[in-house]
Amino acid sequence: MSAAEEATPRPARAPARPAAERQAPPMDLAALIEDADTRILVCCGSGGVGKTTTSAALALAAAEAGRRVVVLTIDPARRLAQSLGLEELDNEPRKVEIPGIAGELHAMMLDMKRTFDDIVVSHSTPERAEQILANPFYQTLSSSFAGTQEYMAMEKLGQLRAADTWDLIIVDTPPSRSALDFLDAPNRMSRFLDGTMIRLLTAPARAGGRAGFKFASAGLMFFSRIISKVLGGQLLRDISAFVSALDTMFGGFRERATATYELLRRPGTWFVVVATPEPDALREASYFVDRLSSEGMPLAGLVLNRTHPPASTRLSATRAETAAEAAAETGNGDPAVALAAGALRVHAERMTLAAREQRLADRFTSAHPEVAMRAVPAAAGDVHDLDGLRTMAEALTGPDGDTPTGVPRTRVLPARRA
Amino acid sequence: MSPDFPVRCHVVTGKGGTGKTTVAAALALALASEGRTVLLVECEGRQGIAQLFDTPPLPYEERRVAVTRGGGEVRALAIDVEEALLEYLEMFYNLRRAGRALRKMGAVDFATTIAPGLRDVLITGKVKEAVTRRKDGRRVYDAVVVDAPPTGRITKFLNVTGEMSELTRSGPIKTQSDGVMAVLRSPQTAVHLVTLLEDMPVQETADAIAELTAARLPVGSVIVNMASEPVLPEAALARAVEGAVTGADLAPGLAAAGLPDDPALAEALAAEAVEHAQRWAAQDALRARVETLGRPLAELPLLPGPMDLGCLFELAGRLEDHLGAEVAA
């Protein structure tokens, strides 16, 4: 059993203890990224929770541990992209120069249109490819179709894995509202491109001869009339041209999507779900965890990102608040006392916030007691350089019990003693 | 039509996680004061409005979700794109029953999939209809507030003619989108941007303003959400930002507060004070950047605890002051 498996016991079994006492198992990301059997790590979560920085920080940590890593980012913040040398958008991984590093870090940013174009070019004759690329419907499809980004992220992941140049591929997922989109979009898209609807719609004659399709095709003829009424005939002509040019590629789309989806189920692939301690983000994380378990996809655990653990847990919020009041009363405008009162209020706020975060984390754990957790404190500013990533990597991969306050990294606040 | 606020169609956008749904809801409450009637529109099917107002999931129907002082009210509508398309087919082609059959076949979903812009035209079309709706010669809504897609998609979402023109050069959808565009580009529309005092949201706000302006869409206010006030005394703030506040500085004050002598605790409190000051300084630097965007600014405080109707009314009060100041200016 590898260290990674130890960190996330499967199958999921809820300990027979009351919910209030349930503790999330610790997540050992250091062991996971150093394990030579770990080949793909997918960072998922709803938008705005810090998936990109988490992916980049884990990639940096793995490279520093001696692995040859590539991180596929989707939409990094400008300054973070610059620090990873990602100004140039050539849709290929580039090496990030880091002096004295044991392994290698490569980074790339997904260009979805270019990835789509590449598939078209590699699967058809030059003149056919040209026809497709110039088609207005294709242009919309490849640039603004809902789900194209997810589909292309999956496609790129498949390409990177097939190249077999890297020990470890870390994937950031597109900033969709729902984390599930990453898993659903590619299938939806290939079903659509592959679908009977699009074929019948654009070539009703083809189905006309077959008895079983008679009713459906009458309905579709009618539907296609409405479509051309509402959207104008040009769109249908564009789709028709697109479909006939793409004809030979159709099976290919579905096959590729299925193959990549299967890749996510293979041993060596792990999912890391990222959430902030907010109800919405944790709800999304919860859906995603359920989905992974029903798909038989391995979950490494939940990164609870941007928590606010206090520097000391010895003084409760209430006591700090009371002390601040006492100081304000006795201080008589003494600046030293005013400062202490301010610091006590800062601490009281911090304890209250941390308690709220811990409560949300506990709620998640009572619903998913088997899911390992790692709390990552919020940085004082944005993470936009290698130093910032290193600090975050340390918070992600450091030993569970090694914190200044002694609170394990599984938690924001210490567990109440029973 | 209320003469007080010239803008009647308020589109609220922001980067994911900035709280645009909350701000949209608070804005609707603010606009509904003094007996006005406001429609709050949700267009991404998340049922976030129902959660905020603690009501069951909203159907595709205008429902009252809150009453305000002076007999005002906020109604909410969660737009269902399929329903909107059926409504459209019925209105223009008298095809309601056929539409239902098509929906069963999955054809409606298919149609909105092949033309992603169609989705946006249907949603913005519904918004336009609500903005211009009249009953007995009077406007039904004094204002319409839209909880719109995030900043990354907002220009595409609103620029319906641009989006659809690639796909449809003529036909009723073209006519429809021209009509929508006329309302969205008029002075009765304002696109408000919600941001946090964090790098990425501020950057996206700046980018979105540039894109909206280039598409000739009217930009309204920038609303800074979840802003926090410094808790440390003004005099000590600069020193704390420098990291020059230590446990020894706090010790006398802590003793005066009746706490036992505990150097480790004093150090921890000093570290928290420094982090607090640095966070606040970083926010303040971004506040200065937001000011350079040249848009009217409103600031909403970070409220402790979970969001509920009481919190919404508190935020609405702040926005009312902002709207008042805007009209006076």
# chains A, B, ... in the order shown; residues from 1 in each chain; ligands from 1
>>> interface_residues(of="chain A", to="chain B", cutoff="6 Å", atoms="only C-alpha atoms", output="list in words")
Gly48, Val230, Leu231, Gly232, Leu235, Ala311, Ser312, Ala323, Ala326, Ala327, Ala336, Val337, Ala340, Gly342, Ala343 and Ala380 of chain A
>>> residues_around(residues="Ala143 (chain B)", least_positions_apart="4", cutoff="9 Å", atoms="only C-alpha atoms", output="short mmCIF file (atom, residue, chain, number, x, y, z; two decimals) with all heavy atoms, in the first residue's frame")
data_model
loop_
_atom_site.label_atom_id
_atom_site.label_comp_id
_atom_site.auth_asym_id
_atom_site.auth_seq_id
_atom_site.Cartn_x
_atom_site.Cartn_y
_atom_site.Cartn_z
N MET B 1 -43.27 55.92 -13.86
CA MET B 1 -41.81 55.90 -13.76
C MET B 1 -41.36 56.88 -12.68
O MET B 1 -41.84 57.99 -12.58
CB MET B 1 -41.23 56.31 -15.12
CG MET B 1 -39.73 56.42 -15.14
SD MET B 1 -39.22 56.65 -16.85
CE MET B 1 -37.64 57.40 -16.63
N SER B 2 -40.48 56.42 -11.84
CA SER B 2 -39.98 57.27 -10.77
C SER B 2 -39.00 58.28 -11.34
O SER B 2 -38.08 57.92 -12.06
CB SER B 2 -39.28 56.41 -9.73
OG SER B 2 -38.38 57.21 -9.00
N PHE B 5 -34.69 58.15 -9.94
CA PHE B 5 -33.57 57.40 -10.48
C PHE B 5 -33.75 57.25 -11.99
O PHE B 5 -34.62 56.51 -12.43
CB PHE B 5 -33.48 56.02 -9.84
CG PHE B 5 -33.38 56.07 -8.34
CD1 PHE B 5 -34.21 55.31 -7.56
CD2 PHE B 5 -32.44 56.88 -7.73
CE1 PHE B 5 -34.12 55.34 -6.17
CE2 PHE B 5 -32.33 56.92 -6.35
CZ PHE B 5 -33.18 56.16 -5.57
N VAL B 7 -31.91 55.71 -14.01
CA VAL B 7 -31.59 54.35 -14.43
C VAL B 7 -32.67 53.40 -13.95
O VAL B 7 -33.03 53.39 -12.78
CB VAL B 7 -30.21 53.92 -13.87
CG1 VAL B 7 -29.94 52.46 -14.20
CG2 VAL B 7 -29.12 54.81 -14.41
N ARG B 8 -33.21 52.59 -14.86
CA ARG B 8 -34.27 51.67 -14.48
C ARG B 8 -33.86 50.22 -14.63
O ARG B 8 -34.48 49.32 -14.10
CB ARG B 8 -35.53 51.96 -15.30
CG ARG B 8 -36.05 53.40 -15.04
CD ARG B 8 -37.33 53.68 -15.76
NE ARG B 8 -38.32 52.67 -15.47
CZ ARG B 8 -38.66 51.70 -16.30
NH1 ARG B 8 -38.10 51.64 -17.48
NH2 ARG B 8 -39.55 50.82 -15.94
N CYS B 9 -32.79 49.98 -15.40
CA CYS B 9 -32.33 48.60 -15.58
C CYS B 9 -30.91 48.49 -15.00
O CYS B 9 -29.97 49.04 -15.55
CB CYS B 9 -32.34 48.27 -17.07
SG CYS B 9 -31.70 46.64 -17.45
N HIS B 10 -30.81 47.85 -13.84
CA HIS B 10 -29.53 47.73 -13.16
C HIS B 10 -28.97 46.33 -13.37
O HIS B 10 -29.56 45.35 -12.92
CB HIS B 10 -29.69 47.98 -11.66
CG HIS B 10 -30.18 49.36 -11.34
ND1 HIS B 10 -29.35 50.38 -10.98
CD2 HIS B 10 -31.44 49.88 -11.34
CE1 HIS B 10 -30.07 51.47 -10.76
NE2 HIS B 10 -31.34 51.19 -10.97
N ALA B 28 -31.83 45.74 -5.07
CA ALA B 28 -33.27 45.66 -5.34
C ALA B 28 -34.06 46.19 -4.14
O ALA B 28 -35.02 46.96 -4.30
CB ALA B 28 -33.67 44.22 -5.66
N LEU B 31 -33.76 49.99 -4.02
CA LEU B 31 -34.57 50.66 -5.04
C LEU B 31 -36.06 50.55 -4.73
O LEU B 31 -36.85 51.36 -5.20
CB LEU B 31 -34.28 50.05 -6.41
CG LEU B 31 -32.90 50.34 -7.00
CD1 LEU B 31 -32.58 49.39 -8.14
CD2 LEU B 31 -32.81 51.78 -7.48
N ALA B 32 -36.44 49.53 -3.96
CA ALA B 32 -37.86 49.30 -3.68
C ALA B 32 -38.36 50.13 -2.50
O ALA B 32 -39.53 50.04 -2.13
CB ALA B 32 -38.11 47.82 -3.42
N ARG B 36 -41.78 51.74 -4.07
CA ARG B 36 -41.54 51.34 -5.46
C ARG B 36 -41.63 49.82 -5.62
O ARG B 36 -41.48 49.08 -4.66
CB ARG B 36 -40.16 51.80 -5.90
CG ARG B 36 -40.01 53.31 -5.92
CD ARG B 36 -38.68 53.67 -6.54
NE ARG B 36 -38.43 55.09 -6.40
CZ ARG B 36 -37.83 55.61 -5.33
NH1 ARG B 36 -37.41 54.85 -4.35
NH2 ARG B 36 -37.63 56.91 -5.25
N THR B 37 -41.85 49.41 -6.86
CA THR B 37 -41.90 47.98 -7.17
C THR B 37 -40.71 47.62 -8.04
O THR B 37 -40.47 48.26 -9.06
CB THR B 37 -43.21 47.64 -7.90
OG1 THR B 37 -44.30 48.10 -7.11
CG2 THR B 37 -43.33 46.14 -8.11
N VAL B 38 -39.96 46.62 -7.60
CA VAL B 38 -38.72 46.26 -8.29
C VAL B 38 -38.72 44.78 -8.61
O VAL B 38 -39.18 43.96 -7.81
CB VAL B 38 -37.50 46.61 -7.39
CG1 VAL B 38 -36.21 46.15 -8.03
CG2 VAL B 38 -37.45 48.10 -7.10
N LEU B 39 -38.22 44.45 -9.78
CA LEU B 39 -38.07 43.04 -10.16
C LEU B 39 -36.59 42.66 -10.08
O LEU B 39 -35.73 43.35 -10.62
CB LEU B 39 -38.59 42.80 -11.58
CG LEU B 39 -38.49 41.34 -12.06
CD1 LEU B 39 -39.46 40.45 -11.29
CD2 LEU B 39 -38.77 41.24 -13.56
N LEU B 40 -36.32 41.56 -9.39
CA LEU B 40 -34.95 41.04 -9.27
C LEU B 40 -34.87 39.78 -10.13
O LEU B 40 -35.64 38.84 -9.92
CB LEU B 40 -34.66 40.74 -7.79
CG LEU B 40 -33.34 40.09 -7.42
CD1 LEU B 40 -32.16 40.94 -7.87
CD2 LEU B 40 -33.27 39.89 -5.90
N ALA B 130 -39.48 43.15 -19.21
CA ALA B 130 -39.88 43.59 -17.87
C ALA B 130 -39.63 45.08 -17.68
O ALA B 130 -40.43 45.79 -17.06
CB ALA B 130 -39.14 42.78 -16.81
N VAL B 131 -38.53 45.57 -18.22
CA VAL B 131 -38.19 46.99 -18.08
C VAL B 131 -39.24 47.85 -18.77
O VAL B 131 -39.62 48.91 -18.26
CB VAL B 131 -36.78 47.28 -18.67
CG1 VAL B 131 -36.51 48.78 -18.74
CG2 VAL B 131 -35.70 46.60 -17.84
#
>>> select_by_dssp(residues="region 262-414 of chain A", states="strand (DSSP E)", output="PyMOL selection string")
chain A and resi 269-275+299-307+373-377
>>> atom_distance(atom1="CA of Val290 (chain B)", atom2="CA of Val241 (chain B)")
21.0 Å
>>> residues_around(residues="region 256-259 of chain A", least_positions_apart="5", cutoff="8 Å", atoms="only C-alpha atoms", output="mmCIF file with C-alpha atoms, in the first residue's frame")
data_model
loop_
_atom_site.group_PDB
_atom_site.id
_atom_site.type_symbol
_atom_site.label_atom_id
_atom_site.label_comp_id
_atom_site.auth_asym_id
_atom_site.auth_seq_id
_atom_site.Cartn_x
_atom_site.Cartn_y
_atom_site.Cartn_z
ATOM 1 C CA TYR A 151 -13.589 19.550 -23.086
ATOM 2 C CA MET A 154 -9.554 17.159 -20.766
ATOM 3 C CA GLU A 155 -8.197 16.778 -24.311
ATOM 4 C CA PRO A 186 -16.694 16.642 -22.318
ATOM 5 C CA ASN A 187 -19.309 13.932 -22.496
ATOM 6 C CA SER A 190 -19.090 14.694 -27.585
#
>>> closest_atom_pairs(of="region 115-185 of chain B", to="region 69-82 of chain B", cutoff="12 Å", atoms="only C-alpha atoms", output="JSON lines")
{"residue": "B:Pro116", "atom": "CA", "partner": "B:Val81", "partner_atom": "CA", "distance": 11.2}
{"residue": "B:Gly117", "atom": "CA", "partner": "B:Val81", "partner_atom": "CA", "distance": 11.7}
{"residue": "B:Leu118", "atom": "CA", "partner": "B:Val81", "partner_atom": "CA", "distance": 9.3}
{"residue": "B:Arg119", "atom": "CA", "partner": "B:Val81", "partner_atom": "CA", "distance": 6.3}
{"residue": "B:Asp120", "atom": "CA", "partner": "B:Val81", "partner_atom": "CA", "distance": 8.8}
{"residue": "B:Val121", "atom": "CA", "partner": "B:Val81", "partner_atom": "CA", "distance": 9.8}
{"residue": "B:Leu122", "atom": "CA", "partner": "B:Val81", "partner_atom": "CA", "distance": 6.8}
{"residue": "B:Ile123", "atom": "CA", "partner": "B:Val81", "partner_atom": "CA", "distance": 6.9}
{"residue": "B:Thr124", "atom": "CA", "partner": "B:Ile79", "partner_atom": "CA", "distance": 10.0}
{"residue": "B:Gly125", "atom": "CA", "partner": "B:Ile79", "partner_atom": "CA", "distance": 10.9}
{"residue": "B:Lys126", "atom": "CA", "partner": "B:Ile79", "partner_atom": "CA", "distance": 8.2}
{"residue": "B:Val127", "atom": "CA", "partner": "B:Ile79", "partner_atom": "CA", "distance": 9.4}
{"residue": "B:Ala130", "atom": "CA", "partner": "B:Leu77", "partner_atom": "CA", "distance": 10.4}
{"residue": "B:Val140", "atom": "CA", "partner": "B:Arg75", "partner_atom": "CA", "distance": 11.2}
{"residue": "B:Tyr141", "atom": "CA", "partner": "B:Arg75", "partner_atom": "CA", "distance": 9.5}
{"residue": "B:Asp142", "atom": "CA", "partner": "B:Gly72", "partner_atom": "CA", "distance": 10.1}
{"residue": "B:Ala143", "atom": "CA", "partner": "B:Val74", "partner_atom": "CA", "distance": 9.7}
{"residue": "B:Val144", "atom": "CA", "partner": "B:Arg75", "partner_atom": "CA", "distance": 9.5}
{"residue": "B:Val145", "atom": "CA", "partner": "B:Ala76", "partner_atom": "CA", "distance": 9.4}
{"residue": "B:Val146", "atom": "CA", "partner": "B:Leu77", "partner_atom": "CA", "distance": 9.6}
{"residue": "B:Asp147", "atom": "CA", "partner": "B:Ala78", "partner_atom": "CA", "distance": 9.8}
{"residue": "B:Ala148", "atom": "CA", "partner": "B:Ile79", "partner_atom": "CA", "distance": 11.2}
>>> atom_distance(atom1="CA of Arg363 (chain A)", atom2="CA of Pro279 (chain A)")
9.8 Å
>>> closest_residue(among="B:Gln176, B:Gln47, B:Ser221, B:Thr246", to="Ala325 (chain B)", atoms="only C-alpha atoms")
B:Ser221
>>> residues_around(residues="Glu284 (chain A)", least_positions_apart="3", cutoff="10 Å", atoms="only C-alpha atoms", output="number ranges by chain")
A: 44-47, 177-180, 273-275, 279-281, 287-289
>>> residues_around(residues="Leu217 (chain B)", least_positions_apart="2", cutoff="10 Å", atoms="only C-alpha atoms", output="MDAnalysis selection string")
chainID B and resid 155 158:159 181 184:187 189:191 209 211:215 219:220
>>> write_last_selection(atoms="C-alpha atoms", output="CSV table (one decimal), in the first residue's frame")
chain,number,residue,atom,x,y,z
B,155,THR,CA,-19.9,41.9,-22.2
B,158,LEU,CA,-25.1,42.0,-22.9
B,159,ASN,CA,-23.7,42.5,-26.4
B,181,MET,CA,-29.6,46.3,-27.6
B,184,LEU,CA,-29.2,48.1,-22.9
B,185,ARG,CA,-27.3,50.9,-24.6
B,186,SER,CA,-29.7,53.6,-23.5
B,187,PRO,CA,-29.1,55.8,-20.4
B,189,THR,CA,-29.4,51.0,-18.2
B,190,ALA,CA,-26.3,50.8,-15.9
B,191,VAL,CA,-23.9,47.9,-15.5
B,209,ILE,CA,-15.0,48.3,-17.7
B,211,GLU,CA,-14.7,45.8,-22.6
B,212,LEU,CA,-18.1,47.3,-21.7
B,213,THR,CA,-17.0,50.7,-22.8
B,214,ALA,CA,-15.7,49.4,-26.1
B,215,ALA,CA,-19.1,47.7,-26.7
B,219,VAL,CA,-21.0,51.4,-17.0
B,220,GLY,CA,-22.6,52.3,-13.6
>>> closest_residue(among="A:Ala393, A:Leu157, A:Leu72, A:Val96", to="Asp172 (chain A)", atoms="only C-alpha atoms")
A:Leu72
